[in-house]
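*Asks:* What follows is my_file_9.txt, made up of compact mmCIF, C-alpha atoms and all ligand atoms:
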```txt
# COMPACT_ATOMS: atom_id res chain seq x y z
CA MET A 23 -75.54 -43.84 28.38
CA GLN A 24 -79.02 -43.24 27.03
CA PRO A 25 -79.89 -40.57 24.48
CA VAL A 26 -82.89 -38.42 25.36
CA GLU A 27 -85.47 -37.77 22.66
CA ILE A 28 -86.48 -34.13 23.03
CA ARG A 29 -88.85 -33.93 20.08
CA LYS A 30 -89.57 -36.60 17.50
CA GLY A 31 -86.23 -37.19 15.77
CA ILE A 32 -84.23 -34.71 17.91
CA TYR A 33 -82.04 -36.27 20.58
CA TRP A 34 -79.75 -35.04 23.31
CA VAL A 35 -76.56 -37.08 22.94
CA GLY A 36 -74.16 -35.04 25.10
CA ALA A 37 -71.96 -35.90 28.06
CA ILE A 38 -72.21 -35.21 31.78
CA ASP A 39 -69.15 -33.95 33.64
CA TRP A 40 -70.08 -34.70 37.23
CA GLY A 41 -66.63 -34.04 38.67
CA ILE A 42 -65.47 -30.76 37.16
CA ARG A 43 -65.06 -28.10 39.84
CA SER A 44 -63.18 -25.43 37.91
CA PHE A 45 -64.10 -24.33 34.42
CA HIS A 46 -61.06 -22.25 33.48
CA GLY A 47 -61.19 -20.67 36.91
CA TYR A 48 -64.99 -20.40 37.23
CA SER A 49 -66.00 -22.60 40.18
CA THR A 50 -68.53 -25.25 39.15
CA PRO A 51 -69.70 -26.96 42.33
CA ARG A 52 -72.58 -28.61 40.47
CA GLY A 53 -70.42 -29.89 37.58
CA THR A 54 -71.58 -29.34 34.02
CA THR A 55 -72.70 -30.99 30.79
CA TYR A 56 -71.47 -30.64 27.22
CA ASN A 57 -74.60 -30.85 25.12
CA ALA A 58 -74.60 -32.34 21.64
CA TYR A 59 -77.78 -32.91 19.67
CA LEU A 60 -78.61 -35.42 16.96
CA ILE A 61 -81.30 -34.73 14.35
CA ARG A 62 -82.67 -37.66 12.33
CA ASP A 63 -84.29 -36.55 9.08
CA LYS A 64 -83.47 -37.54 5.51
CA LYS A 65 -80.04 -36.38 6.54
CA THR A 66 -78.56 -37.05 9.96
CA VAL A 67 -77.14 -34.01 11.68
CA LEU A 68 -75.02 -33.66 14.79
CA VAL A 69 -75.18 -30.21 16.38
CA ASP A 70 -71.97 -29.60 18.34
CA THR A 71 -69.80 -32.21 19.98
CA VAL A 72 -68.28 -32.54 23.47
CA LYS A 73 -64.95 -32.13 25.22
CA SER A 74 -62.49 -34.69 23.81
CA CYS A 75 -62.26 -36.68 27.08
CA LYS A 76 -66.04 -37.18 26.94
CA CYS A 77 -66.18 -38.31 23.31
CA ASP A 78 -66.82 -41.98 24.12
CA GLU A 79 -69.79 -41.04 26.27
CA MET A 80 -71.30 -39.02 23.41
CA LEU A 81 -70.59 -41.79 20.91
CA ALA A 82 -72.29 -44.35 23.15
CA ARG A 83 -75.43 -42.21 23.13
CA ILE A 84 -75.25 -41.59 19.38
CA ARG A 85 -74.87 -45.34 18.71
CA LYS A 86 -78.18 -46.00 20.49
CA VAL A 87 -79.81 -43.98 17.69
CA VAL A 88 -77.58 -44.36 14.64
CA ASP A 89 -74.19 -45.58 13.47
CA PRO A 90 -71.94 -42.47 13.63
CA ALA A 91 -70.76 -43.29 10.10
CA GLU A 92 -74.26 -42.27 8.93
CA ILE A 93 -73.89 -38.67 10.14
CA ASP A 94 -74.12 -36.37 7.10
CA ILE A 95 -73.58 -32.98 8.69
CA ILE A 96 -71.80 -31.81 11.85
CA VAL A 97 -72.78 -28.29 12.82
CA THR A 98 -70.14 -26.55 14.90
CA ASN A 99 -71.79 -23.57 16.49
CA HIS A 100 -68.63 -22.65 18.39
CA VAL A 101 -64.95 -23.57 18.18
CA GLU A 102 -64.12 -23.59 21.90
CA MET A 103 -62.85 -27.05 22.70
CA ASP A 104 -65.56 -28.02 25.17
CA HIS A 105 -67.75 -28.22 22.04
CA SER A 106 -65.32 -28.96 19.22
CA GLY A 107 -62.88 -31.23 21.04
CA SER A 108 -64.40 -34.43 19.66
CA LEU A 109 -64.35 -33.29 16.03
CA PRO A 110 -61.03 -34.96 15.10
CA ARG A 111 -62.36 -38.32 16.29
CA LEU A 112 -65.69 -37.80 14.53
CA SER A 113 -63.92 -36.86 11.32
CA GLU A 114 -62.38 -40.33 11.38
CA LEU A 115 -65.63 -42.09 12.29
CA CYS A 116 -67.78 -40.25 9.77
CA PRO A 117 -65.42 -39.25 6.96
CA SER A 118 -68.22 -38.26 4.60
CA ALA A 119 -69.79 -35.80 7.05
CA GLU A 120 -69.71 -32.15 6.11
CA ILE A 121 -68.66 -29.71 8.83
CA VAL A 122 -70.77 -26.57 8.91
CA ALA A 123 -69.69 -23.47 10.81
CA SER A 124 -69.44 -19.71 10.49
CA ALA A 125 -66.51 -18.43 8.39
CA GLN A 126 -64.77 -17.46 11.62
CA GLY A 127 -65.59 -20.90 12.97
CA LEU A 128 -63.97 -22.70 10.06
CA LYS A 129 -60.91 -20.48 10.41
CA GLY A 130 -60.76 -21.31 14.14
CA LEU A 131 -61.25 -25.04 13.53
CA ASN A 132 -58.40 -25.07 11.04
CA GLU A 133 -56.23 -23.29 13.58
CA HIS A 134 -57.08 -25.93 16.22
CA PHE A 135 -57.23 -29.17 14.24
CA ASP A 136 -56.21 -30.84 11.03
CA LEU A 137 -59.66 -32.12 10.10
CA GLY A 138 -59.36 -32.68 6.37
CA SER A 139 -63.16 -32.84 6.10
CA LYS A 140 -65.64 -31.28 3.76
CA VAL A 141 -66.53 -27.90 5.19
CA ARG A 142 -69.19 -25.27 4.52
CA ALA A 143 -69.25 -21.72 5.86
CA VAL A 144 -72.68 -20.32 6.68
CA LYS A 145 -73.96 -16.89 7.59
CA THR A 146 -77.15 -15.47 9.08
CA GLY A 147 -80.11 -16.34 6.91
CA ASP A 148 -78.50 -19.37 5.27
CA LYS A 149 -80.52 -22.60 5.23
CA ILE A 150 -79.63 -26.23 4.62
CA ASN A 151 -82.48 -28.57 3.78
CA ILE A 152 -82.16 -31.90 5.58
CA GLY A 153 -85.46 -33.47 4.49
CA ARG A 154 -88.61 -32.34 6.26
CA ALA A 155 -86.75 -29.58 8.07
CA ASP A 156 -84.35 -26.79 7.22
CA LEU A 157 -81.36 -25.91 9.36
CA ASN A 158 -81.28 -22.13 9.74
CA PHE A 159 -78.23 -20.26 10.95
CA LEU A 160 -77.85 -17.13 13.01
CA LEU A 161 -74.38 -15.71 13.55
CA LEU A 162 -73.81 -14.42 17.09
CA PRO A 163 -70.32 -12.90 16.85
CA MET A 164 -68.80 -12.26 20.29
CA LEU A 165 -71.54 -14.16 22.07
CA HIS A 166 -69.10 -15.13 23.29
CA TRP A 167 -66.35 -15.79 20.68
CA PRO A 168 -65.97 -14.26 17.20
CA ASP A 169 -67.11 -17.53 15.61
CA SER A 170 -70.21 -18.14 17.75
CA MET A 171 -73.50 -18.89 16.05
CA ALA A 172 -76.85 -20.56 16.74
CA THR A 173 -78.79 -23.06 14.67
CA TYR A 174 -82.56 -22.93 14.42
CA LEU A 175 -85.30 -25.29 13.21
CA PRO A 176 -88.20 -22.97 12.35
CA GLY A 177 -90.87 -25.67 12.04
CA GLU A 178 -90.10 -27.02 15.48
CA LYS A 179 -89.28 -23.51 16.84
CA PHE A 180 -86.20 -25.19 18.24
CA LEU A 181 -83.06 -23.11 18.90
CA PHE A 182 -79.62 -24.64 19.47
CA SER A 183 -78.16 -21.60 21.20
CA ASN A 184 -74.70 -22.94 22.10
CA ASP A 185 -73.21 -21.11 25.13
CA ALA A 186 -75.99 -18.52 25.36
CA PHE A 187 -78.62 -19.47 27.99
CA GLY A 188 -76.35 -22.20 29.41
CA GLN A 189 -75.71 -23.15 33.01
CA HIS A 190 -73.07 -25.34 34.60
CA ILE A 191 -75.19 -28.10 36.09
CA ALA A 192 -74.52 -31.84 35.91
CA SER A 193 -77.76 -33.76 36.30
CA SER A 194 -79.61 -36.72 34.93
CA GLU A 195 -82.52 -34.36 34.30
CA ARG A 196 -82.45 -32.62 30.95
CA PHE A 197 -85.25 -30.04 31.10
CA ASP A 198 -86.08 -26.89 33.03
CA ASP A 199 -89.35 -28.33 34.35
CA GLU A 200 -87.45 -31.21 35.98
CA LEU A 201 -85.14 -29.20 38.25
CA HIS A 202 -85.81 -26.64 40.99
CA SER A 203 -86.16 -23.23 39.34
CA GLY A 204 -84.09 -21.57 42.10
CA ILE A 205 -81.09 -23.71 41.19
CA LEU A 206 -81.57 -23.05 37.49
CA ILE A 207 -81.77 -19.29 37.90
CA GLU A 208 -78.81 -19.23 40.29
CA GLU A 209 -76.65 -21.19 37.85
CA ALA A 210 -77.90 -19.32 34.76
CA ALA A 211 -77.02 -16.03 36.54
CA LYS A 212 -73.59 -17.33 37.49
CA TYR A 213 -73.01 -18.42 33.90
CA TYR A 214 -74.12 -15.04 32.59
CA ALA A 215 -71.92 -13.13 35.06
CA ASN A 216 -68.81 -15.22 34.44
CA ILE A 217 -69.06 -15.91 30.70
CA VAL A 218 -71.58 -13.70 28.95
CA MET A 219 -71.50 -10.38 30.83
CA PRO A 220 -68.77 -8.70 28.74
CA PHE A 221 -70.96 -9.21 25.68
CA SER A 222 -74.21 -7.70 26.95
CA LYS A 223 -74.49 -5.51 23.84
CA GLN A 224 -74.46 -8.63 21.65
CA VAL A 225 -77.03 -10.24 23.95
CA ARG A 226 -79.42 -7.37 23.33
CA LYS A 227 -79.10 -7.86 19.57
CA ALA A 228 -79.68 -11.61 19.95
CA LEU A 229 -82.78 -10.98 22.09
CA GLU A 230 -84.28 -8.88 19.29
CA VAL A 231 -83.90 -11.80 16.89
CA LEU A 232 -85.27 -14.17 19.51
CA SER A 233 -88.38 -12.09 19.95
CA ASP A 234 -89.00 -12.52 16.20
CA ILE A 235 -88.53 -16.26 16.14
CA GLN A 236 -90.16 -17.01 19.54
CA PRO A 237 -88.45 -20.36 20.15
CA LYS A 238 -90.45 -22.97 22.04
CA VAL A 239 -87.27 -24.85 22.95
CA ILE A 240 -83.87 -23.30 23.72
CA ALA A 241 -81.20 -25.99 23.79
CA PRO A 242 -77.89 -24.58 25.04
CA SER A 243 -74.53 -26.31 25.04
CA HIS A 244 -74.31 -26.57 28.85
CA GLY A 245 -76.86 -27.66 31.43
CA ILE A 246 -80.58 -28.10 31.05
CA ILE A 247 -82.77 -27.43 28.03
CA TRP A 248 -85.39 -24.69 28.35
CA ARG A 249 -88.73 -26.06 27.11
CA ASP A 250 -91.15 -24.91 29.80
CA ASP A 251 -90.14 -21.30 30.41
CA THR A 252 -88.19 -19.93 27.45
CA LYS A 253 -89.74 -16.53 28.13
CA GLY A 254 -88.46 -16.59 31.72
CA ILE A 255 -84.82 -17.08 30.72
CA ALA A 256 -85.15 -14.55 27.85
CA ASP A 257 -86.56 -12.00 30.34
CA LEU A 258 -83.63 -12.63 32.70
CA TYR A 259 -81.15 -12.13 29.85
CA ASP A 260 -82.99 -8.90 29.05
CA LYS A 261 -82.57 -7.73 32.66
CA TRP A 262 -78.93 -8.80 32.97
CA SER A 263 -77.87 -7.33 29.63
CA SER A 264 -79.57 -4.00 30.30
CA GLY A 265 -77.57 -3.37 33.49
CA SER A 266 -80.74 -3.10 35.54
CA TYR A 267 -80.00 -3.70 39.20
CA ASP A 268 -81.68 -4.53 42.49
CA ARG A 269 -81.47 -2.47 45.67
CA LYS A 270 -78.46 -4.49 46.65
CA VAL A 271 -74.90 -3.87 47.79
CA VAL A 272 -71.98 -6.27 47.65
CA VAL A 273 -69.22 -5.63 50.18
CA VAL A 274 -66.07 -7.40 49.01
CA TYR A 275 -63.04 -7.37 51.26
CA ASP A 276 -59.95 -9.03 52.61
CA THR A 277 -58.40 -8.19 55.94
CA MET A 278 -55.05 -8.60 57.64
CA TRP A 279 -55.69 -7.98 61.36
CA GLY A 280 -59.43 -7.41 61.30
CA SER A 281 -59.51 -3.62 60.84
CA THR A 282 -60.71 -3.63 57.22
CA GLU A 283 -63.26 -6.26 58.20
CA LYS A 284 -64.59 -3.89 60.90
CA MET A 285 -64.87 -1.19 58.24
CA ALA A 286 -66.72 -3.65 56.00
CA VAL A 287 -69.25 -4.27 58.78
CA SER A 288 -69.67 -0.52 59.36
CA VAL A 289 -70.28 0.31 55.70
CA SER A 290 -72.69 -2.58 55.36
CA ASP A 291 -74.61 -1.21 58.39
CA VAL A 292 -75.15 2.07 56.59
CA PHE A 293 -76.73 0.30 53.63
CA GLU A 294 -78.73 -2.07 55.78
CA GLU A 295 -80.24 0.87 57.66
CA LYS A 296 -81.33 2.31 54.33
CA GLY A 297 -83.12 -0.90 53.40
CA PHE A 298 -80.58 -2.35 50.99
CA SER A 299 -80.06 -6.05 50.66
CA VAL A 300 -76.44 -6.58 51.77
CA ILE A 301 -74.08 -9.36 50.71
CA MET A 302 -70.76 -9.58 52.58
CA ARG A 303 -68.00 -11.37 50.67
CA ASP A 304 -64.80 -12.11 52.56
CA LEU A 305 -62.40 -13.15 49.81
CA ARG A 306 -60.58 -15.50 52.14
CA THR A 307 -63.63 -17.75 51.95
CA SER A 308 -65.59 -16.67 48.85
CA HIS A 309 -64.70 -17.58 45.28
CA ILE A 310 -64.46 -14.66 42.86
CA SER A 311 -66.82 -16.36 40.42
CA ASP A 312 -69.52 -16.38 43.12
CA VAL A 313 -68.81 -12.77 44.05
CA ILE A 314 -69.14 -11.62 40.44
CA THR A 315 -72.54 -13.33 40.32
CA ASP A 316 -73.63 -11.10 43.23
CA VAL A 317 -72.21 -8.09 41.41
CA LEU A 318 -74.36 -8.83 38.33
CA THR A 319 -77.52 -7.38 39.89
CA ALA A 320 -76.02 -5.13 42.61
CA GLU A 321 -76.43 -1.37 42.62
CA TYR A 322 -73.28 -0.83 44.71
CA VAL A 323 -69.94 -2.65 44.78
CA LEU A 324 -67.80 -1.75 47.78
CA VAL A 325 -64.26 -3.05 47.86
CA GLY A 326 -62.04 -3.05 50.94
CA SER A 327 -58.40 -3.95 51.42
CA PRO A 328 -55.69 -3.07 53.87
CA THR A 329 -52.48 -1.75 52.35
CA LEU A 330 -49.93 -4.50 51.78
CA ASN A 331 -46.55 -3.59 50.30
CA ARG A 332 -47.92 -0.31 48.94
CA ASN A 333 -50.76 -2.10 47.21
CA VAL A 334 -53.79 -4.26 47.93
CA MET A 335 -54.08 -7.82 49.25
CA PRO A 336 -53.54 -10.46 46.50
CA ASN A 337 -57.13 -11.73 46.75
CA ILE A 338 -58.42 -8.23 46.11
CA SER A 339 -56.09 -7.78 43.19
CA ALA A 340 -57.34 -11.03 41.64
CA PHE A 341 -60.96 -10.02 42.15
CA LEU A 342 -60.47 -6.55 40.68
CA THR A 343 -58.70 -7.98 37.60
CA TYR A 344 -61.47 -10.53 37.12
CA MET A 345 -64.24 -7.95 37.55
CA LYS A 346 -62.59 -5.46 35.17
CA GLY A 347 -62.45 -8.12 32.44
CA LEU A 348 -66.11 -8.99 32.88
CA CYS A 349 -67.34 -5.37 32.49
CA PRO A 350 -70.34 -5.16 34.88
CA LEU A 351 -72.72 -2.40 33.85
CA LYS A 352 -73.87 0.73 35.69
CA LYS A 353 -72.37 0.21 39.15
CA LYS A 354 -71.75 2.66 41.95
CA SER A 355 -68.77 1.93 44.11
CA PHE A 356 -66.26 3.01 46.64
CA ALA A 357 -63.09 1.71 48.23
CA PHE A 358 -62.10 1.43 51.86
CA GLY A 359 -59.30 -0.04 53.93
CA SER A 360 -57.01 0.28 56.89
CA TYR A 361 -53.33 1.11 56.68
CA GLY A 362 -50.21 1.48 58.82
CA TRP A 363 -48.02 4.11 57.15
CA SER A 364 -48.12 4.52 53.34
CA GLY A 365 -51.81 3.60 52.79
CA GLU A 366 -52.08 3.13 49.01
CA SER A 367 -54.80 0.45 48.94
CA VAL A 368 -57.79 2.76 48.59
CA LYS A 369 -56.28 4.67 45.67
CA GLU A 370 -55.25 1.42 43.97
CA ILE A 371 -58.77 0.03 44.27
CA GLU A 372 -60.27 3.29 43.04
CA LYS A 373 -58.11 3.17 39.91
CA VAL A 374 -59.59 -0.17 38.91
CA LEU A 375 -63.15 0.79 39.86
CA GLY A 376 -62.72 3.80 37.58
CA ASP A 377 -61.34 1.58 34.82
CA CYS A 378 -64.47 -0.54 35.17
CA GLY A 379 -66.52 2.55 34.31
CA PHE A 380 -68.17 2.66 37.73
CA ASP A 381 -69.24 5.82 39.55
CA VAL A 382 -66.59 6.01 42.28
CA LEU A 383 -67.46 7.79 45.53
CA PRO A 384 -64.62 9.19 47.65
CA GLY A 385 -62.91 6.30 49.43
CA LYS A 386 -62.33 5.85 53.14
CA ARG A 387 -59.16 4.79 54.88
CA ILE A 388 -58.42 4.46 58.58
CA LYS A 389 -55.04 4.15 60.25
CA TYR A 390 -54.44 0.86 62.07
CA CYS A 391 -57.65 0.07 64.00
CA PRO A 392 -60.89 2.00 63.58
CA ASN A 393 -61.96 3.55 66.92
CA GLU A 394 -65.53 4.43 67.77
CA ASP A 395 -65.23 8.07 66.68
CA GLU A 396 -63.69 7.13 63.36
CA ASP A 397 -66.32 4.48 62.86
CA LEU A 398 -69.14 6.95 63.48
CA PHE A 399 -67.46 9.49 61.22
CA LEU A 400 -67.12 6.89 58.48
CA LYS A 401 -70.80 5.98 58.74
CA LYS A 402 -71.96 9.57 58.83
CA GLU A 403 -69.85 10.60 55.84
CA LEU A 404 -70.89 7.59 53.86
CA ALA A 405 -74.57 8.05 54.64
CA GLU A 406 -74.29 11.65 53.39
CA GLU A 407 -72.41 10.72 50.21
CA ILE A 408 -74.70 7.99 49.08
CA ALA A 409 -77.78 9.03 47.23
CA PHE A 410 -80.47 6.80 48.66
FE1 LIG B 501 -68.94 -23.71 26.33
FE2 LIG B 501 -67.46 -21.04 24.84
O1 LIG B 501 -67.66 -22.84 25.28
```
Would you write the structure of this file as structure tokens?
*Replies:*
Amino acid sequence: MQPVEIRKGIYWVGAIDWGIRSFHGYSTPRGTTYNAYLIRDKKTVLVDTVKSCKCDEMLARIRKVVDPAEIDIIVTNHVEMDHSGSLPRLSELCPSAEIVASAQGLKGLNEHFDLGSKVRAVKTGDKINIGRADLNFLLLPMLHWPDSMATYLPGEKFLFSNDAFGQHIASSERFDDELHSGILIEEAAKYYANIVMPFSKQVRKALEVLSDIQPKVIAPSHGIIWRDDTKGIADLYDKWSSGSYDRKVVVVYDTMWGSTEKMAVSVSDVFEEKGFSVIMRDLRTSHISDVITDVLTAEYVLVGSPTLNRNVMPNISAFLTYMKGLCPLKKKSFAFGSYGWSGESVKEIEKVLGDCGFDVLPGKRIKYCPNEDEDLFLKKELAEEIAF
């Protein structure tokens, strides 16, 4: 349980959750971390805490640097309990510490806990002198909760960004230059798609501020700390929040007797022939949180389901609900599926694709099993409809 000194007097004192595999429904095959940071100056400051079940791990790291009773200020950048869950315990261990949060944050904390501590609400532009350094605050409402904010040390150009720029990775490495960049980008993209994507407008505002302050270190509340390539992750956030896409199609489907799967193969052929990168996602074997990561940078999202009880297959329904909530930007789409008699699936899918704000091309449905003529017709029609 060692702390990690990031810069002189700034320590990572968080906790590693090696075993978590579902983060409120988002699959986390690599686990995660809850990052807390300790600043030793004339005052001692803890920036964020950890999930309550990991409090002892955080305390063990803090105790290697300082007695927790000596903490003067606890900054709570975000109320969600993966970061605030240890506050009740800390309030007991450091009763003289002042809790600093946004006004919305303090309201949220009071609605979660009975802390009985000294509290201070801060807003963008506020500073608290802690000795050599000043804590600066930047409210980031709806990135990704109303209370969210970041804390910044201008002298060190050090940004504690909370959930923004995070990734769900459990590792003994703490920095971006210590892990394979492919893994980092994959997990940062998954995090963006599953947590941040609905708030892309707020991301764009935050990026403007970031370009002014040019942080040399971005220390998020999950995963590794960006110290080598802060520009790289800021550029990716710029791409993801702008809705810019790659020449890529995601074909998402479920199938009952294989007919909709055959249609999925046919439609993917059309795109492949036109030089698109194609990702096939059978929802019987793919997790929706991985599929939505593919959707993040796809130009087209194709969704296929046979008709089941005048609707779509349950996996498709779950995916569509999840995708609608996450608000992907600027997608083109269409629905397809086989049917036996009533054949509602395509219309049901189209309704949700429309609700997502996507361009929806006319859908395709085929009775029972697609034969060769129908398959060719489907391909020909699709090839004509799609503007390549
Ligand atoms: Fe990692 Fe919104 O909490």
*Asks:* Give me the residues near Asn99 of chain A as a PyMOL selection string, where near means some atom within 7 Å (using all atoms listed in the file) and where sequence neighbours in that chain fewer than 5 positions away do not count.
*Replies:* chain A and resi 70+123+170-172+184
*Asks:* Write out as an MDAnalysis selection string the residues lying within 6 Å of segment 197-203 of chain A, counting all atoms listed in the file and excluding same-chain residues fewer than 3 positions away.
*Replies:* chainID A and resid 206 246:248 250
*Asks:* Kindly indicate which residue among A:Ile32, A:Val273, A:Ala119, A:Val101 lies nearest to Ile84 of chain A, using only C-alpha atoms for the distances.
*Replies:*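 Nearest to Ile84 of chain A: A:Ile32.
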*Asks:* Write as a list in words the residues around ligand LIG 501 (chain B), taking 7 Å as the cut-off and counting all atoms listed in the file.
*Replies:*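 So the residues close to ligand LIG 501 (chain B) are His100, Glu102, Met103, Asp104, His105, His166, Trp167, Asp185, Ser243 and His244 of chain A.
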*Asks:* Near Val87 of chain A, counting only C-alpha atoms, which residues have an atom at most 12 Å away, once you skip same-chain residues fewer than 6 positions from it, shown as a VMD selection string?
*Replies:* chain A and resid 23 to 27 31 to 35 59 to 62 66 to 68 80 to 81 93
*Asks:* Atom CA of Met345 of chain A to atom CA of Cys378 of chain A: how many Å, to one decimal?
*Replies:*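 For atom CA of Met345 of chain A relative to atom CA of Cys378 of chain A, the distance reads 7.8 Å.
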*Asks:* Can you tell me which residues surround Lys386 of chain A at a distance of at most 7 Å, considering only C-alpha atoms, apart from same-chain residues fewer than 5 positions away, and format the answer as a ChimeraX atom specification?
*Replies:* /A:357-359
*Asks:* Please produce a file of those selected residues containing C-alpha atoms, as an mmCIF file, keeping the file's coordinate frame.
*Replies:*
```
data_model
loop_
_atom_site.group_PDB
_atom_site.id
_atom_site.type_symbol
_atom_site.label_atom_id
_atom_site.label_comp_id
_atom_site.auth_asym_id
_atom_site.auth_seq_id
_atom_site.Cartn_x
_atom_site.Cartn_y
_atom_site.Cartn_z
ATOM 1 C CA ALA A 357 -63.090 1.710 48.230
ATOM 2 C CA PHE A 358 -62.100 1.430 51.860
ATOM 3 C CA GLY A 359 -59.300 -0.040 53.930
#
```
*Asks:* So what do you get for atom CA of Ala320 of chain A versus atom CA of Val272 of chain A, distance-wise?
*Replies:*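 Separation between atom CA of Ala320 of chain A and atom CA of Val272 of chain A: 6.6 Å.
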*Asks:* When you count only C-alpha atoms, which of these residues is closest to Ser367 of chain A: A:Cys349, A:Val334, A:Met302, A:Leu162?
*Replies:*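 The answer is A:Val334, which sits nearest to Ser367 of chain A.
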*Asks:* Do you know which residues are at most 9 Å from Tyr390 of chain A counting all atoms listed in the file, after dropping those on the same chain fewer than 2 positions away, and could you put them as a PDB file with C-alpha atoms, in the coordinates of the input?
*Replies:*
```pdb
ATOM      1  CA  TRP A 279     -55.690  -7.980  61.360  1.00  0.00           C
ATOM      2  CA  SER A 281     -59.510  -3.620  60.840  1.00  0.00           C
ATOM      3  CA  SER A 360     -57.010   0.280  56.890  1.00  0.00           C
ATOM      4  CA  TYR A 361     -53.330   1.110  56.680  1.00  0.00           C
ATOM      5  CA  GLY A 362     -50.210   1.480  58.820  1.00  0.00           C
ATOM      6  CA  TRP A 363     -48.020   4.110  57.150  1.00  0.00           C
ATOM      7  CA  ILE A 388     -58.420   4.460  58.580  1.00  0.00           C
ATOM      8  CA  PRO A 392     -60.890   2.000  63.580  1.00  0.00           C
TER       9      PRO A 392
END
```
*Asks:* Go through segment 114-175 of chain A and flag each residue having an atom no more than 10 Å from segment 230-238 of chain A; for those, report the closest pair of atoms plus their distance in Å to one decimal, using all atoms listed in the file, ordered by chain and rising number, as a tab-separated table.
*Replies:*
```
residue	atom	partner	partner_atom	distance
A:Leu160	CA	A:Val231	CA	8.9
A:Tyr174	CA	A:Pro237	CA	8.6
A:Leu175	CA	A:Pro237	CA	9.1
```
*Asks:* Would you mind exporting C-alpha atoms of the selected residues as a PDB file, in the frame of the given file?
*Replies:*
```
ATOM      1  CA  LEU A 160     -77.850 -17.130  13.010  1.00  0.00           C
ATOM      2  CA  TYR A 174     -82.560 -22.930  14.420  1.00  0.00           C
ATOM      3  CA  LEU A 175     -85.300 -25.290  13.210  1.00  0.00           C
TER       4      LEU A 175
END
```
